[in-house]
Amino acid sequence: MSDERLNRLAKAAGLSIEWVDADGRDQRVKPEVLRAVLGGLGLPADSDDQIERSLEKLDAGAGAASVPPLLTLDQGAPLDLGQYFAPSAPYRLTLEDGSERDGSLDSQSRLAAIDTPGYHRLSIADQQLTLAVAPVACPSVQDVAGPAAWGVTVQLYGLRRPGDGGLGDTQALEAVARNAAAHGADALGISPVHAMFTGNSQQYSPYSPSSRLFYNILHSAPGTILGEKPLRMAIESCGLADELQRLEALELIDWDAASQARQCLLRTLYEDFATGGNAQQADFDSFREAGGEALENHCRFEALHAALLSPEGFPQHWREWPEQYRTPQSPAVEQFAQENAAEVSYYAFCQWLIARGLERAQIAACSAGMKIGLISDLAVGADGGGSQAWSRQDEVLAALSVGAPPDIINRQGQSWGISAFSPWGLKAHGYRAFIEMVRANLAHAGGIRIDHVMGLMRLWVMPAGAGPTEGAYLNYPFDDLLRLLTLEAWRRNAVVLGEDLGTVPEGLRDKLAARKLLGIRVLFFERDHNGTFKPLDEWPDSAIATSTTHDLPTIEGWWKAHDVDWRIQVGQNREDERPAQLEERERERAGLLRLLREYAPGVEGDLTDPDVLADACAVFIGRTPAPLVLFPVEDALGLLEQPNMPGTTDTHPNWRRRYPGDSATLLDDPACSHRLELLSSARKQVIGSKHR
């Protein structure tokens, strides 16, 4: 079998045969891995004949010079259309505002530069296409919030308030937003609120959603939208008063019980709402109409997912449904929707409640003085068995899973069990799925954090069920996606952050910085292998600064090597590895102390005390040149435990920890207030130094 032809096929399919790992070492994908990944892309490569047929398939597609439905370009730059149209071809350009321009391509088939960002229509040679004209850069934090902005991050599910029923909701989010704003915060970063599987409460990781277009209905706070009286009546009707109090008192979220309780309340509220005469009916109808086909498909999926159970009574992957229900456009799905109209409407009602709740939270944040407000979190992919994959099948890679090769965050590599977009599917459909996803996540926020932003350029993909080392990098139309992201951020005047931790391809950070899309720098990672931490002048001004992330130990957990204990407890490391890891951590501790003693002056107390250490860390990251500092609430409160431990499922309580106080006063504890004041003062020093 010819490796040369196999390699040609892999490159034509957009796979990188060679790559550089997180330690700077050259790597090469093995032929057997290439064959497996190509098979997952729908390009069989197990024999010479299969390789030739797959090459012919790709060549045939590349040879068809059909005009894509959407092309991207930069504001003020000409567009080369020579691949599609003859020189001097006449055209009509209809701008987004309705104004029209007539013209002709130049002698090199280039379209004259367009100075107005937006989605414009080009009519040329009896064809029509959309031109997405992107501004040169995303709105900067400086433009939106002024110099040296700062904020905090929270896990939405972990927020508490009286009467929350054991799970964080948008009412608690409103409260913590006002509380953070009162301490001077400009932004509040939140965990993903993507739609999960209503019929499967055991799947609750916010980074493994059913859809990134819609929201997790369990986080809605119906009382804020419908009023407290209907909610009290629903609680009484469901007989849930005692159960809600029990759930509220738990230290860890009982997702299954909380989900059952919330869904009982939501269904009871919907039944009352659907009887008519509700003053908010018009708003609900307007919401549903605006949601269009995408919302309708999601709600139909939810109803089908609940109805089409396995013989054992469990929810199924949509590929296991009867064939007539496997595509949203089928007559059987339409008939199901008509026969189950009330059920479909119920799920739309739930989406209306959570959307209006998030809208209220953003208004509350900005009204309280935040300049940015909420920063939403966009997961890197969605479950292949979920609503988004079912609704957008031509634009999703169903047979491949996304993850990461071994890197500095996880030396075993990671398989996230989620699907990602198809590069060819996106292009063929005018990037519809990407655009609608970005819009959904900016709808009720002043900014967006893109998890694993490297996915805009390339993603580590592997066949379903394969390990993290059995993958390859699949390349994406980076410039197109970056332009579309920039355009959508410009339309919303929103800031964009990209989580660029792990194996970062060459050139990615420079391109992000040129677009004012901020990377992320984590205090514990900004050091060398000898435990020497970077001083202030080596921190970039093109990335936000933070102390930790949801996947890493808190300051106190790191200082006490609690993460080392956890890794041994869950089996990721062996007990005999503990001495070497503790020795390495001791070198790191010494390095951090040296750094903080020099660059976090004025912090009183013993730096080896975790509370004092957290104060000093707040001061240090506050003094970095980062345009925005985000301080996790876990570190503001001085907590020991981290929200998530990658590579674990039931051996660590991932996504279940709740915060220790009421969201309305969560940050008012004297130690926390002092820490945030130190951070705020440090940011003001940065402003002062810039003006000197």
# chains A, B, ... in the order shown; residues from 1 in each chain; ligands from 1
call {"tool": "residues_around", "arguments": {"residues": "range 113-123 of chain A", "least_positions_apart": "4", "cutoff": "9 Å", "atoms": "only C-alpha atoms", "output": "PyMOL selection string"}}
result
chain A and resi 73-79+90-98+127-135+487-488+490-491
call {"tool": "residues_around", "arguments": {"residues": "His529 in chain A", "least_positions_apart": "5", "cutoff": "12 Å", "atoms": "only C-alpha atoms", "output": "PyMOL selection string"}}
result
chain A and resi 23+408+524+534+584-585+587-588+591
call {"tool": "closest_atom_pairs", "arguments": {"of": "range 583-670 of chain A", "to": "range 146-165 of chain A", "cutoff": "7 Å", "atoms": "only C-alpha atoms", "output": "JSON lines"}}
result
{"residue": "A:Pro627", "atom": "CA", "partner": "A:Ala148", "partner_atom": "CA", "distance": 5.3}
{"residue": "A:Leu628", "atom": "CA", "partner": "A:Ala149", "partner_atom": "CA", "distance": 4.9}
{"residue": "A:Val629", "atom": "CA", "partner": "A:Trp150", "partner_atom": "CA", "distance": 4.5}
{"residue": "A:Leu630", "atom": "CA", "partner": "A:Gly151", "partner_atom": "CA", "distance": 4.8}
{"residue": "A:Phe631", "atom": "CA", "partner": "A:Val152", "partner_atom": "CA", "distance": 4.6}
{"residue": "A:Pro632", "atom": "CA", "partner": "A:Thr153", "partner_atom": "CA", "distance": 4.6}
{"residue": "A:Val633", "atom": "CA", "partner": "A:Val154", "partner_atom": "CA", "distance": 5.8}
{"residue": "A:Arg657", "atom": "CA", "partner": "A:Gly158", "partner_atom": "CA", "distance": 5.9}
{"residue": "A:Arg658", "atom": "CA", "partner": "A:Gly158", "partner_atom": "CA", "distance": 3.9}
{"residue": "A:Tyr659", "atom": "CA", "partner": "A:Gly158", "partner_atom": "CA", "distance": 5.6}
{"residue": "A:Gly661", "atom": "CA", "partner": "A:Arg160", "partner_atom": "CA", "distance": 6.5}
{"residue": "A:Asp662", "atom": "CA", "partner": "A:Arg161", "partner_atom": "CA", "distance": 4.9}
{"residue": "A:Ser663", "atom": "CA", "partner": "A:Arg160", "partner_atom": "CA", "distance": 5.6}
call {"tool": "residues_around", "arguments": {"residues": "Leu38 in chain A", "least_positions_apart": "3", "cutoff": "9 Å", "atoms": "only C-alpha atoms", "output": "MDAnalysis selection string"}}
result
chainID A and resid 9:10 13 15 33:35 41:45
call {"tool": "residues_around", "arguments": {"residues": "Ser681 in chain A", "least_positions_apart": "6", "cutoff": "10 Å", "atoms": "only C-alpha atoms", "output": "MDAnalysis selection string"}}
result
chainID A and resid 619 622:623 675 687
call {"tool": "atom_distance", "arguments": {"atom1": "CA of Phe301 in chain A", "atom2": "CA of Ala433 in chain A"}}
result
16.7 Å
call {"tool": "residues_around", "arguments": {"residues": "Arg28 in chain A", "least_positions_apart": "2", "cutoff": "10 Å", "atoms": "only C-alpha atoms", "output": "PDB file with all heavy atoms, in the first residue's frame"}}
result
ATOM      1  N   SER A  16      -3.081  17.281   8.945  1.00  0.00           N
ATOM      2  CA  SER A  16      -1.649  17.556   9.089  1.00  0.00           C
ATOM      3  C   SER A  16      -0.937  16.254   9.426  1.00  0.00           C
ATOM      4  O   SER A  16      -1.197  15.653  10.478  1.00  0.00           O
ATOM      5  CB  SER A  16      -1.402  18.585  10.199  1.00  0.00           C
ATOM      6  OG  SER A  16      -1.928  19.837   9.844  1.00  0.00           O
ATOM      7  N   ILE A  17      -0.053  15.826   8.554  1.00  0.00           N
ATOM      8  CA  ILE A  17       0.689  14.592   8.793  1.00  0.00           C
ATOM      9  C   ILE A  17       1.780  14.826   9.828  1.00  0.00           C
ATOM     10  O   ILE A  17       2.055  13.977  10.672  1.00  0.00           O
ATOM     11  CB  ILE A  17       1.294  14.075   7.475  1.00  0.00           C
ATOM     12  CG1 ILE A  17       0.173  13.772   6.477  1.00  0.00           C
ATOM     13  CG2 ILE A  17       2.149  12.835   7.707  1.00  0.00           C
ATOM     14  CD1 ILE A  17       0.660  13.458   5.089  1.00  0.00           C
ATOM     15  N   GLU A  18       2.387  15.998   9.774  1.00  0.00           N
ATOM     16  CA  GLU A  18       3.437  16.350  10.740  1.00  0.00           C
ATOM     17  C   GLU A  18       2.974  17.525  11.588  1.00  0.00           C
ATOM     18  O   GLU A  18       2.257  18.410  11.115  1.00  0.00           O
ATOM     19  CB  GLU A  18       4.729  16.700   9.999  1.00  0.00           C
ATOM     20  CG  GLU A  18       5.304  15.534   9.201  1.00  0.00           C
ATOM     21  CD  GLU A  18       6.500  15.945   8.357  1.00  0.00           C
ATOM     22  OE1 GLU A  18       6.596  17.155   8.040  1.00  0.00           O
ATOM     23  OE2 GLU A  18       7.320  15.077   8.024  1.00  0.00           O
ATOM     24  N   TRP A  19       3.375  17.521  12.850  1.00  0.00           N
ATOM     25  CA  TRP A  19       3.000  18.601  13.762  1.00  0.00           C
ATOM     26  C   TRP A  19       4.028  18.671  14.886  1.00  0.00           C
ATOM     27  O   TRP A  19       4.858  17.776  15.055  1.00  0.00           O
ATOM     28  CB  TRP A  19       1.586  18.387  14.299  1.00  0.00           C
ATOM     29  CG  TRP A  19       1.358  17.073  15.007  1.00  0.00           C
ATOM     30  CD1 TRP A  19       1.211  15.851  14.418  1.00  0.00           C
ATOM     31  CD2 TRP A  19       1.281  16.848  16.413  1.00  0.00           C
ATOM     32  NE1 TRP A  19       1.034  14.872  15.359  1.00  0.00           N
ATOM     33  CE2 TRP A  19       1.065  15.456  16.607  1.00  0.00           C
ATOM     34  CE3 TRP A  19       1.354  17.674  17.523  1.00  0.00           C
ATOM     35  CZ2 TRP A  19       0.937  14.881  17.865  1.00  0.00           C
ATOM     36  CZ3 TRP A  19       1.213  17.107  18.788  1.00  0.00           C
ATOM     37  CH2 TRP A  19       1.012  15.732  18.946  1.00  0.00           C
ATOM     38  N   VAL A  20       3.969  19.750  15.652  1.00  0.00           N
ATOM     39  CA  VAL A  20       4.905  19.978  16.758  1.00  0.00           C
ATOM     40  C   VAL A  20       4.123  19.931  18.058  1.00  0.00           C
ATOM     41  O   VAL A  20       3.104  20.616  18.204  1.00  0.00           O
ATOM     42  CB  VAL A  20       5.620  21.335  16.612  1.00  0.00           C
ATOM     43  CG1 VAL A  20       6.578  21.572  17.782  1.00  0.00           C
ATOM     44  CG2 VAL A  20       6.371  21.394  15.284  1.00  0.00           C
ATOM     45  N   ASP A  26       9.022  17.425  17.162  1.00  0.00           N
ATOM     46  CA  ASP A  26       8.359  17.080  15.909  1.00  0.00           C
ATOM     47  C   ASP A  26       7.664  15.732  16.042  1.00  0.00           C
ATOM     48  O   ASP A  26       8.226  14.769  16.585  1.00  0.00           O
ATOM     49  CB  ASP A  26       9.374  17.016  14.768  1.00  0.00           C
ATOM     50  CG  ASP A  26       9.962  18.382  14.446  1.00  0.00           C
ATOM     51  OD1 ASP A  26       9.267  19.385  14.677  1.00  0.00           O
ATOM     52  OD2 ASP A  26      11.112  18.435  13.964  1.00  0.00           O
ATOM     53  N   LYS A  30       0.992   8.281  12.366  1.00  0.00           N
ATOM     54  CA  LYS A  30       1.232   6.955  11.812  1.00  0.00           C
ATOM     55  C   LYS A  30       0.224   6.650  10.697  1.00  0.00           C
ATOM     56  O   LYS A  30      -0.926   7.095  10.748  1.00  0.00           O
ATOM     57  CB  LYS A  30       1.113   5.909  12.913  1.00  0.00           C
ATOM     58  CG  LYS A  30       2.153   6.054  14.012  1.00  0.00           C
ATOM     59  CD  LYS A  30       1.924   5.031  15.112  1.00  0.00           C
ATOM     60  CE  LYS A  30       2.944   5.192  16.237  1.00  0.00           C
ATOM     61  NZ  LYS A  30       2.685   4.235  17.353  1.00  0.00           N
ATOM     62  N   PRO A  31       0.646   5.880   9.685  1.00  0.00           N
ATOM     63  CA  PRO A  31      -0.256   5.563   8.568  1.00  0.00           C
ATOM     64  C   PRO A  31      -1.566   4.928   9.015  1.00  0.00           C
ATOM     65  O   PRO A  31      -2.627   5.255   8.480  1.00  0.00           O
ATOM     66  CB  PRO A  31       0.574   4.604   7.703  1.00  0.00           C
ATOM     67  CG  PRO A  31       2.000   4.975   8.002  1.00  0.00           C
ATOM     68  CD  PRO A  31       2.015   5.359   9.451  1.00  0.00           C
ATOM     69  N   ALA A 472      -5.305  12.934  14.760  1.00  0.00           N
ATOM     70  CA  ALA A 472      -4.539  13.802  13.866  1.00  0.00           C
ATOM     71  C   ALA A 472      -5.192  15.175  13.869  1.00  0.00           C
ATOM     72  O   ALA A 472      -6.366  15.316  14.237  1.00  0.00           O
ATOM     73  CB  ALA A 472      -4.503  13.228  12.455  1.00  0.00           C
TER      74      ALA A 472
END
call {"tool": "atom_distance", "arguments": {"atom1": "CA of Ala382 in chain A", "atom2": "CA of Tyr207 in chain A"}}
result
7.6 Å
call {"tool": "select_by_dssp", "arguments": {"residues": "range 260-459 of chain A", "states": "strand (DSSP E or B)", "output": "VMD selection string"}}
result
chain A and resid 373 to 378 382 396 400 to 404 414 to 419 421 447 to 450 458 to 459
